[in-house]
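Peer 1: Mind looking over this structure? Questions follow.
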Amino acid sequence: MKDDGTPLRRDTFKWLHWRHNLWRWMFSTFLAALFMCFVCFVWFGWVKMGNDSMAPTLREGNLVLVDRLYKYCREIERTDMVAYYRPGTEELLIKRVVATGGETVSGKNGAVWIDEKYRLNEEYGAYNTGDFDTVEVPEGHVFVLSDDRQYLEDSREAGIGCIPLDDIVGVLYIRLLPSLRFYQ
C-alpha cells in the first residue's frame with residue numbers, strides 16, 4: 001500500500017489474476033461436467049442382461065455399455081451385437097446381427113447360411129441353430145439371432161422378425177461387469 005492508503009498496482013492485478021483463475025477453473029469444471037453428462041446420458045447407455053440368450057458371450061446379470069450413436073456414424077455389420085426393444089413391450093433385448101438388408105438367411109443342418117452360398121462362421125460358441133426357412137432381409141433392416149440358439153427371442157420369432165435399423169437403440173460396446181471386455 002502507498003502512504004495515502006491506495007493499493008499498489010501489483011496488488012490490484014494479483015487480485016484480478018486470482019479471480020480470473022477462479023472463473024477459468026469453474027468454467028472448465030462446468031464444461032467437463034457437461035461433457036460427462038453427454039457421454040453418460042446421450043452417447044452411452046448401461047444395460048443389464050436379463051437372461052442367458054447371448055451365452056457364452058454374455059450371461060444373465062452382466063452389465064454392458066451400449067453405444068447409442070454408433071448407427072449414425074457407421075453402418076451396422078454382421079456380428080455386431082445390437083440392443084432393441086421387443087415389439088409391443090418395454091423389454092430391451094441384445095442380439096447378434098447375422099444378416100443385413102438385401103441378403104437372404106436360412107438355417108439348414110444346424111448352420112446359418114447367407115444368400116444360400118455362404119455358411120456363417122460363428123466363432124462365438126453358438127449352439128446348434130436348427131432349421132428355419134429362408135428369410136429375405138428388407139433394405140433398412142437386420143436379421144438377428146441369439147448366441148444361445150435355444151432362445152427364440154430373435155428374428156426367427158414371428159412377433160419380432162427382421163429389425164428395422166430405426167428401432168435399434170445401439171450397438172454393444174463394452175461389458176463392464178463382471179469383468180471389463182471390449183467388443184469393437
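Ordering of the C-alpha cells sets the chain letters (A, B, ...); residue numbers start at 1 within each chain; ligands are numbered from 1 in the order shown.
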Contacts between range 148-153 of chain A and range 25-76 of chain A, please, where a residue of range 25-76 of chain A counts if it comes within 7 Å (with only C-alpha atoms); show its shortest atom pair and distance in Å to one decimal, rows by chain and ascending number, as JSON lines.

Peer 2:
{"residue": "A:Ser53", "atom": "CA", "partner": "A:Asp148", "partner_atom": "CA", "distance": 5.2}
{"residue": "A:Met54", "atom": "CA", "partner": "A:Asp148", "partner_atom": "CA", "distance": 5.5}
{"residue": "A:Ala55", "atom": "CA", "partner": "A:Asp148", "partner_atom": "CA", "distance": 5.5}

Peer 1: I want to know what sits within 8 Å of Leu93 in chain A, based on only C-alpha atoms, with residues of the same chain fewer than 5 positions away left out; could you give that as a PyMOL selection string?

Peer 2: chain A and resi 83-86

Peer 1: Counting only C-alpha atoms, which residue out of A:Tyr72, A:Trp18, A:Trp23, A:Tyr173 sits closest to Gly45 in chain A?

Peer 2: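 Selected residue with least distance to Gly45 in chain A: A:Tyr173.
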
Peer 1: So that I can check the surroundings of Lys95 in chain A, please list as a ChimeraX atom specification every protein, DNA and RNA residue that reaches within 7 Å of it, counting only C-alpha atoms and ignoring chain neighbours fewer than 3 positions away.

Peer 2: /A:54,81-83,144-146

Peer 1: Include C-alpha atoms and write out the residues we just selected as a PDB file, in the first residue's frame.

Peer 2:
ATOM      1  CA  MET A  54     -26.287 -64.431 -25.531  1.00  0.00           C
ATOM      2  CA  MET A  81     -24.393 -57.080 -31.092  1.00  0.00           C
ATOM      3  CA  VAL A  82     -27.353 -54.690 -31.094  1.00  0.00           C
ATOM      4  CA  ALA A  83     -29.876 -53.611 -28.482  1.00  0.00           C
ATOM      5  CA  VAL A 144     -30.646 -61.042 -35.502  1.00  0.00           C
ATOM      6  CA  LEU A 145     -30.069 -64.282 -33.618  1.00  0.00           C
ATOM      7  CA  SER A 146     -29.221 -65.193 -30.030  1.00  0.00           C
TER       8      SER A 146
END

Peer 1: With only C-alpha atoms as the atoms that count, which of A:Val105, A:Ile114, A:Ile76, A:Ala99 lies nearest to Leu165 in chain A?

Peer 2: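 Of A:Val105, A:Ile114, A:Ile76, A:Ala99, the one nearest Leu165 in chain A, counting only C-alpha atoms, is A:Ile76.
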
Peer 1: Report, in Å to a single decimal, how far apart CA of Asp67 in chain A and CA of Val112 in chain A are.

Peer 2: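 These two atoms are separated by 26.8 Å.
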
Peer 1: From range 90-167 of chain A, collect each residue whose DSSP state is strand (DSSP E or B) and return the set as a PyMOL selection string.

Peer 2: chain A and resi 92-100+104-108+111-114+118-119+132-136+141-145+163-164

Peer 1: Deliver the residues from the most recent selection as a file, using N, CA and C atoms, as a compact mmCIF listing (two decimals), in the first residue's frame.

Peer 2:
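New file result33.txt:
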# COMPACT_ATOMS: atom_id res chain seq x y z
N LEU A 92 -35.89 -54.72 -23.30
CA LEU A 92 -34.73 -54.46 -24.14
C LEU A 92 -33.98 -55.77 -24.37
N LEU A 93 -33.77 -56.10 -25.63
CA LEU A 93 -33.07 -57.33 -25.99
C LEU A 93 -31.73 -56.99 -26.64
N ILE A 94 -30.74 -57.85 -26.42
CA ILE A 94 -29.44 -57.72 -27.08
C ILE A 94 -29.22 -59.01 -27.88
N LYS A 95 -29.01 -58.85 -29.18
CA LYS A 95 -28.82 -59.98 -30.08
C LYS A 95 -27.70 -59.67 -31.07
N ARG A 96 -27.26 -60.71 -31.79
CA ARG A 96 -26.18 -60.56 -32.77
C ARG A 96 -26.75 -60.48 -34.18
N VAL A 97 -26.25 -59.53 -34.96
CA VAL A 97 -26.67 -59.37 -36.35
C VAL A 97 -26.02 -60.47 -37.19
N VAL A 98 -26.83 -61.21 -37.95
CA VAL A 98 -26.28 -62.24 -38.83
C VAL A 98 -26.50 -61.93 -40.29
N ALA A 99 -27.44 -61.03 -40.61
CA ALA A 99 -27.67 -60.64 -42.00
C ALA A 99 -28.18 -59.20 -42.03
N THR A 100 -27.81 -58.49 -43.09
CA THR A 100 -28.22 -57.10 -43.26
C THR A 100 -29.14 -56.98 -44.47
N THR A 104 -30.32 -62.83 -47.96
CA THR A 104 -31.24 -63.86 -47.51
C THR A 104 -30.50 -64.70 -46.47
N VAL A 105 -31.23 -65.21 -45.51
CA VAL A 105 -30.64 -66.01 -44.44
C VAL A 105 -31.53 -67.23 -44.22
N SER A 106 -30.88 -68.37 -43.95
CA SER A 106 -31.64 -69.59 -43.66
C SER A 106 -30.84 -70.46 -42.70
N GLY A 107 -31.54 -71.35 -42.04
CA GLY A 107 -30.90 -72.30 -41.15
C GLY A 107 -31.07 -73.70 -41.69
N LYS A 108 -29.95 -74.35 -42.00
CA LYS A 108 -30.01 -75.71 -42.54
C LYS A 108 -28.93 -76.56 -41.89
N ALA A 111 -26.63 -75.01 -39.22
CA ALA A 111 -25.77 -73.87 -39.56
C ALA A 111 -26.61 -72.75 -40.17
N VAL A 112 -26.07 -71.54 -40.11
CA VAL A 112 -26.72 -70.38 -40.71
C VAL A 112 -26.08 -70.13 -42.07
N TRP A 113 -26.92 -69.97 -43.09
CA TRP A 113 -26.45 -69.75 -44.45
C TRP A 113 -26.91 -68.37 -44.92
N ILE A 114 -25.97 -67.63 -45.52
CA ILE A 114 -26.26 -66.31 -46.06
C ILE A 114 -26.33 -66.43 -47.58
N TYR A 118 -23.07 -68.90 -48.55
CA TYR A 118 -22.03 -68.71 -47.54
C TYR A 118 -22.49 -69.19 -46.18
N ARG A 119 -21.73 -70.10 -45.63
CA ARG A 119 -22.03 -70.57 -44.28
C ARG A 119 -21.44 -69.55 -43.31
N PHE A 132 -34.51 -73.31 -40.13
CA PHE A 132 -35.57 -72.33 -40.29
C PHE A 132 -35.61 -71.92 -41.76
N ASP A 133 -36.78 -71.48 -42.19
CA ASP A 133 -37.00 -71.16 -43.60
C ASP A 133 -36.14 -69.96 -44.02
N THR A 134 -35.96 -69.87 -45.33
CA THR A 134 -35.22 -68.75 -45.90
C THR A 134 -36.00 -67.46 -45.70
N VAL A 135 -35.29 -66.43 -45.22
CA VAL A 135 -35.89 -65.13 -44.98
C VAL A 135 -35.10 -64.10 -45.78
N GLU A 136 -35.80 -63.28 -46.54
CA GLU A 136 -35.14 -62.19 -47.25
C GLU A 136 -35.21 -60.95 -46.35
N HIS A 141 -33.18 -53.06 -42.70
CA HIS A 141 -33.47 -53.99 -41.62
C HIS A 141 -32.27 -54.89 -41.39
N VAL A 142 -32.25 -55.58 -40.25
CA VAL A 142 -31.24 -56.60 -39.96
C VAL A 142 -31.94 -57.84 -39.41
N PHE A 143 -31.31 -58.98 -39.60
CA PHE A 143 -31.78 -60.25 -39.06
C PHE A 143 -30.87 -60.59 -37.90
N VAL A 144 -31.44 -60.79 -36.71
CA VAL A 144 -30.65 -61.04 -35.50
C VAL A 144 -30.94 -62.42 -34.93
N LEU A 145 -29.93 -63.00 -34.30
CA LEU A 145 -30.07 -64.28 -33.62
C LEU A 145 -29.40 -64.20 -32.25
N ILE A 163 -35.44 -56.69 -37.83
CA ILE A 163 -35.47 -55.47 -37.01
C ILE A 163 -35.16 -54.26 -37.89
N PRO A 164 -36.04 -53.24 -37.92
CA PRO A 164 -35.72 -52.02 -38.66
C PRO A 164 -34.53 -51.30 -37.99

Peer 1: Could you jot down the CA of Val39 in chain A to CA of Arg68 in chain A separation for me, Å, one decimal place?

Peer 2: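 So the two atoms, CA of Val39 in chain A and CA of Arg68 in chain A, lie 10.1 Å apart.
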
Peer 1: Compare A:Gly110, A:Val42, A:Val171, A:Tyr70 by their minimum atom-to-atom distance to Gly130 in chain A, counting only C-alpha atoms, and give me the closest one.

Peer 2: A:Gly110

Peer 1: Could you tell me how far CA of Asn109 in chain A sits from CA of Val137 in chain A, in Å to one decimal place?

Peer 2: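 Interatomic distance here is 20.7 Å.
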
Peer 1: So, with only C-alpha atoms as the atoms that count, which of A:Pro178, A:Thr29, A:Glu116, A:Phe38 lies closest to Leu63 in chain A?

Peer 2: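 Distance minimum relative to Leu63 in chain A lands on A:Pro178.
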